[in-house]
file final.cif (mmCIF, C-alpha atoms)
data_run
#
loop_
_atom_site.label_atom_id
_atom_site.label_comp_id
_atom_site.auth_asym_id
_atom_site.auth_seq_id
_atom_site.Cartn_x
_atom_site.Cartn_y
_atom_site.Cartn_z
CA ASN A 1 -7.45 25.47 5.93
CA ASN A 2 -4.66 23.74 7.85
CA GLY A 3 -6.75 23.40 11.01
CA THR A 4 -9.62 21.68 9.20
CA TRP A 5 -7.21 19.37 7.34
CA LYS A 6 -5.50 18.44 10.63
CA LYS A 7 -8.85 17.55 12.21
CA TRP A 8 -9.70 15.35 9.22
CA LYS A 9 -6.36 13.55 9.49
CA GLU A 10 -6.82 12.99 13.22
CA ALA A 11 -10.34 11.65 12.72
CA ILE A 12 -9.24 9.23 10.02
CA ASP A 13 -6.19 8.08 12.01
CA LYS A 14 -8.50 7.35 14.95
CA LEU A 15 -10.78 5.22 12.81
CA LEU A 16 -7.87 3.42 11.15
CA ASN A 17 -6.11 2.66 14.44
CA PRO A 18 -8.76 2.05 17.12
CA GLU A 19 -7.66 0.88 20.55
CA LYS A 20 -8.49 -2.77 21.18
CA ASP A 21 -8.59 -4.78 24.42
CA SER A 22 -7.10 -7.82 22.70
CA GLU A 23 -5.28 -8.71 19.51
CA GLU A 24 -6.82 -12.13 19.03
CA GLU A 25 -8.40 -11.06 15.77
CA SER A 26 -5.17 -9.77 14.25
CA GLY A 27 -3.78 -11.43 11.14
CA ALA A 28 -0.70 -11.12 9.02
CA ALA A 29 0.09 -11.82 5.41
CA GLN A 30 3.39 -12.13 3.61
CA ASP A 31 4.30 -13.02 0.04
CA GLY A 32 0.70 -13.59 -0.98
CA GLU A 33 -0.49 -15.36 2.20
CA THR A 34 -3.07 -13.83 4.55
CA ASN A 35 -4.64 -14.62 7.90
CA ALA A 36 -8.06 -13.32 8.93
CA ALA A 37 -9.99 -13.41 12.18
CA PRO A 38 -11.86 -16.75 12.51
CA ASN A 39 -15.30 -16.74 10.90
CA LYS A 40 -14.93 -13.05 10.11
CA GLY A 41 -13.58 -12.95 6.59
CA GLU A 42 -12.88 -14.87 3.44
CA ARG A 43 -10.05 -14.63 0.93
CA ARG A 44 -10.33 -16.15 -2.51
CA SER A 45 -7.45 -16.26 -4.94
CA ASN A 46 -6.78 -17.30 -8.49
CA SER A 47 -3.15 -16.64 -9.24
CA GLY A 48 -0.38 -17.89 -11.49
CA ASN A 49 3.32 -17.17 -11.72
CA ASN A 50 2.96 -13.76 -13.36
CA LYS A 51 -0.66 -12.71 -13.07
CA GLY A 52 -3.02 -13.11 -10.18
CA SER A 53 -6.29 -11.86 -8.77
CA GLU A 54 -7.49 -12.01 -5.19
CA GLY A 55 -10.87 -11.43 -3.61
CA VAL A 56 -11.22 -10.42 0.04
CA GLU A 57 -14.54 -10.35 1.87
CA LEU A 58 -14.55 -9.18 5.48
CA ASP A 59 -17.65 -9.62 7.62
CA GLU A 60 -18.57 -7.38 10.55
CA ASP A 61 -15.56 -6.55 12.74
CA GLY A 62 -13.30 -8.67 10.55
CA TYR A 63 -9.59 -7.87 10.28
CA MET A 64 -7.02 -8.70 7.63
CA GLU A 65 -3.46 -7.56 7.05
CA MET A 66 -1.78 -8.34 3.73
CA GLU A 67 1.91 -7.88 3.01
CA THR A 68 3.34 -8.39 -0.48
CA THR A 69 7.01 -8.25 -1.40
CA GLN A 70 8.66 -8.38 -4.83
CA LEU A 71 12.38 -7.67 -5.05
CA LYS A 72 13.64 -8.25 -8.59
CA GLY A 73 13.56 -11.81 -9.94
CA ILE A 74 10.26 -11.68 -11.88
CA ASP A 75 10.01 -10.31 -15.42
CA SER A 76 6.34 -9.35 -15.39
CA THR A 77 3.59 -9.21 -12.77
CA ASP A 78 -0.02 -8.03 -12.77
CA ARG A 79 -1.69 -8.35 -9.36
CA ILE A 80 -5.32 -7.45 -8.71
CA THR A 81 -6.90 -7.35 -5.26
CA ASN A 82 -10.60 -6.64 -4.72
CA ALA A 83 -11.92 -6.22 -1.18
CA THR A 84 -15.37 -5.71 0.33
CA LEU A 85 -15.74 -4.64 3.96
CA LYS A 86 -18.80 -4.75 6.18
CA ALA A 87 -19.41 -2.79 9.38
CA GLY A 88 -16.38 -2.44 11.65
CA ALA A 89 -14.07 -4.40 9.33
CA LYS A 90 -10.47 -3.32 8.79
CA PHE A 91 -8.18 -4.12 5.84
CA ILE A 92 -4.47 -3.25 5.86
CA VAL A 93 -2.18 -3.59 2.83
CA LYS A 94 1.61 -3.13 2.82
CA GLU A 95 3.44 -3.49 -0.49
CA LYS A 96 7.21 -3.48 -1.11
CA LEU A 97 8.41 -3.53 -4.70
CA MET A 98 11.71 -3.20 -6.53
CA THR A 99 12.17 -3.71 -10.26
CA HIS A 100 15.22 -3.56 -12.52
CA GLY A 101 16.24 -4.32 -16.10
CA LYS A 102 13.16 -4.31 -18.31
CA GLN A 103 10.78 -5.71 -15.73
CA PHE A 104 7.14 -4.66 -15.59
CA ALA A 105 5.04 -4.65 -12.41
CA LYS A 106 1.42 -3.60 -12.02
CA THR A 107 -0.64 -3.75 -8.84
CA SER A 108 -4.30 -2.82 -8.50
CA PHE A 109 -6.30 -2.47 -5.28
CA ASN A 110 -10.06 -1.91 -5.31
CA VAL A 111 -11.62 -1.57 -1.86
CA ASP A 112 -15.34 -1.12 -1.15
CA LEU A 113 -16.07 0.22 2.32
CA ASP A 114 -19.71 -0.84 2.62
CA GLY A 115 -20.25 -0.86 6.39
CA ASP A 116 -20.26 1.84 9.06
CA GLY A 117 -16.96 1.95 10.92
CA SER A 118 -15.08 0.05 8.23
CA SER A 119 -11.59 1.24 7.30
CA THR A 120 -8.66 0.52 5.04
CA ASN A 121 -5.04 1.60 4.76
CA VAL A 122 -3.23 0.77 1.49
CA ILE A 123 0.49 1.57 1.55
CA SER A 124 2.98 0.97 -1.26
CA ARG A 125 6.73 1.63 -1.29
CA SER A 126 8.64 0.93 -4.46
CA VAL A 127 11.93 1.45 -6.28
CA ALA A 128 12.29 1.31 -10.07
CA LYS A 129 15.73 0.93 -11.67
CA ASP A 130 17.20 0.66 -15.18
CA GLU A 131 14.39 0.57 -17.79
CA SER A 132 11.74 -1.09 -15.63
CA VAL A 133 8.12 0.08 -15.52
CA GLN A 134 5.75 0.18 -12.55
CA THR A 135 2.06 1.02 -12.27
CA PHE A 136 0.21 1.38 -8.97
CA LEU A 137 -3.57 1.77 -8.84
CA ALA A 138 -5.54 2.20 -5.63
CA LYS A 139 -9.29 2.77 -5.72
CA ILE A 140 -11.25 3.24 -2.49
CA ASN A 141 -15.04 3.56 -2.51
CA GLY A 142 -16.52 5.03 0.65
CA ASN A 143 -20.10 3.77 0.72
CA ALA A 144 -20.80 4.33 4.43
CA ASN A 145 -19.53 6.13 7.54
CA CYS A 146 -15.98 4.89 6.97
CA ALA A 147 -12.31 5.85 6.69
CA GLY A 148 -9.92 5.12 3.83
CA HIS A 149 -6.30 6.02 3.15
CA SER A 150 -3.99 5.14 0.26
CA GLU A 151 -0.32 6.06 0.02
CA CYS A 152 2.27 5.44 -2.69
CA ASP A 153 5.90 6.48 -2.23
CA ALA A 154 8.37 5.61 -4.99
CA ILE A 155 12.02 6.17 -5.88
CA ILE A 156 12.77 6.41 -9.59
CA MET A 157 16.27 5.72 -10.95
CA ASP A 158 18.04 5.54 -14.32
CA ASN A 159 15.51 5.35 -17.20
CA ALA A 160 12.66 3.75 -15.27
CA LYS A 161 9.01 4.81 -15.43
CA ILE A 162 6.48 4.90 -12.59
CA SER A 163 2.75 5.67 -12.63
CA ALA A 164 0.80 6.13 -9.40
CA ILE A 165 -2.95 6.40 -9.90
CA PRO A 166 -4.92 6.85 -6.67
CA GLU A 167 -8.71 7.20 -6.78
CA ILE A 168 -11.13 7.88 -3.94
CA ASN A 169 -14.91 8.02 -4.26
CA ALA A 170 -17.12 9.28 -1.44
CA ASN A 171 -20.64 7.92 -1.83
CA ASP A 172 -21.73 8.75 1.72
CA LEU A 173 -21.79 12.06 3.55
CA ASN A 174 -19.72 10.61 6.40
CA ALA A 175 -17.04 8.93 4.32
CA GLN A 176 -13.54 10.24 5.15
CA LEU A 177 -10.97 9.44 2.48
CA ILE A 178 -7.36 10.50 1.82
CA HIS A 179 -4.91 9.61 -0.94
CA GLU A 180 -1.22 10.48 -1.14
CA ALA A 181 1.37 9.84 -3.85
CA ALA A 182 4.99 10.91 -4.19
CA ILE A 183 7.62 9.94 -6.79
CA GLY A 184 11.17 11.26 -6.87
CA LYS A 185 14.84 10.46 -7.29
CA ILE A 186 17.39 10.01 -4.53
CA ALA A 187 18.63 13.40 -3.36
CA GLY A 188 22.26 14.06 -4.23
CA GLU A 189 23.05 15.40 -0.78
CA GLN A 190 21.97 12.09 0.75
CA ILE A 191 24.49 10.19 -1.38
CA ILE A 192 27.25 12.72 -0.68
CA LYS A 193 26.64 12.51 3.06
CA LEU A 194 27.04 8.72 3.04
CA MET A 195 30.10 8.92 0.79
CA THR A 196 31.80 11.16 3.36
CA LEU A 197 31.45 8.21 5.74
CA GLY A 198 33.52 6.03 3.44
CA LEU A 199 30.87 4.44 1.20
CA THR A 200 31.11 4.33 -2.58
CA GLU A 201 28.32 5.91 -4.61
CA ALA A 202 26.83 2.48 -5.38
CA GLU A 203 26.99 1.48 -1.72
CA ALA A 204 25.37 4.74 -0.68
CA GLU A 205 22.50 4.21 -3.13
CA ALA A 206 22.00 0.66 -1.89
CA GLN A 207 21.83 1.83 1.73
CA ILE A 208 19.24 4.48 0.89
CA VAL A 209 17.10 2.03 -1.11
CA ASN A 210 17.22 -0.62 1.61
CA GLY A 211 16.26 1.90 4.27
CA PHE A 212 13.41 3.22 2.12
CA LEU A 213 11.92 -0.22 1.55
CA LYS A 214 12.10 -1.07 5.24
#
call {"tool": "encode", "arguments": {"input": "final.cif", "output": "structure tokens"}}
result
Amino acid sequence: NNGTWKKWKEAIDKLLNPEKDSEEESGAAQDGETNAAPNKGERRSNSGNNKGSEGVELDEDGYMEMETTQLKGIDSTDRITNATLKAGAKFIVKEKLMTHGKQFAKTSFNVDLDGDGSSTNVISRSVAKDESVQTFLAKINGNANCAGHSECDAIIMDNAKISAIPEINANDLNAQLIHEAAIGKIAGEQIIKLMTLGLTEAEAEAQIVNGFLK
């Protein structure tokens, strides 16, 4: 029921966003670069211009935040990220993606929550235009008393195609996992509202897309 679902959401949010006395262990990643708490985690990568794979290993109480951004410009990408988390470790992923023309973009995240108190939050926001194709895969394996959340929100335009494939596997009685996925076009009333403010249809679409990706 709604009450039980709300309690689950609150419990997972608490595990994903614990209060900390200091932020010394925080890290940030952008455009394929990541920072982890000293001596707490390891990131291994083997990537090229169009296809890359990354391995993340977080020790106890390790923390890593990864941010990836792709806005046009690349014909084809296939990114794979595998992560393993020990007790108390936290892994955050934020992806922003926009494709156009006949571009193809595929991202895959596979996270193993192996330690008690470990958590992950994988968030993707994307826009597909023209005849471009996108595929998003997020697999979270809850192997302990842990919390995992994956979310994919996408705007589809023109003749584009988008596939969002979330997967969660609870292998422990105390694993708490949630996945969310939503794909849709820009609502006509949103465009009309902006056009009444003096914007053209193209300008209105651009404003909506930019706001969505932010």
call {"tool": "resolve_selection", "arguments": {"input": "final.cif", "expression": "the PyMOL selection byres ((chain A and resi 106) around 7)", "output": "PDB file with C-alpha atoms, in the frame of the given file"}}
result
ATOM      1  CA  THR A  77       3.590  -9.210 -12.770  1.00  0.00           C
ATOM      2  CA  ASP A  78      -0.020  -8.030 -12.770  1.00  0.00           C
ATOM      3  CA  ARG A  79      -1.690  -8.350  -9.360  1.00  0.00           C
ATOM      4  CA  PHE A 104       7.140  -4.660 -15.590  1.00  0.00           C
ATOM      5  CA  ALA A 105       5.040  -4.650 -12.410  1.00  0.00           C
ATOM      6  CA  THR A 107      -0.640  -3.750  -8.840  1.00  0.00           C
ATOM      7  CA  SER A 108      -4.300  -2.820  -8.500  1.00  0.00           C
ATOM      8  CA  GLN A 134       5.750   0.180 -12.550  1.00  0.00           C
ATOM      9  CA  THR A 135       2.060   1.020 -12.270  1.00  0.00           C
ATOM     10  CA  PHE A 136       0.210   1.380  -8.970  1.00  0.00           C
TER      11      PHE A 136
END
call {"tool": "atom_distance", "arguments": {"input": "final.cif", "atom1": "atom CA of Ala181 of chain A", "atom2": "atom CA of Val127 of chain A"}}
result
13.7 Å
call {"tool": "atom_distance", "arguments": {"input": "final.cif", "atom1": "atom CA of Leu194 of chain A", "atom2": "atom CA of Lys214 of chain A"}}
result
18.0 Å
call {"tool": "residues_around", "arguments": {"input": "final.cif", "residues": "Ser132 of chain A", "least_positions_apart": "6", "cutoff": "8 Å", "atoms": "only C-alpha atoms", "output": "PyMOL selection string"}}
result
chain A and resi 99-104+159-161
call {"tool": "atom_distance", "arguments": {"input": "final.cif", "atom1": "atom CA of Ile168 of chain A", "atom2": "atom CA of Tyr63 of chain A"}}
result
21.3 Å
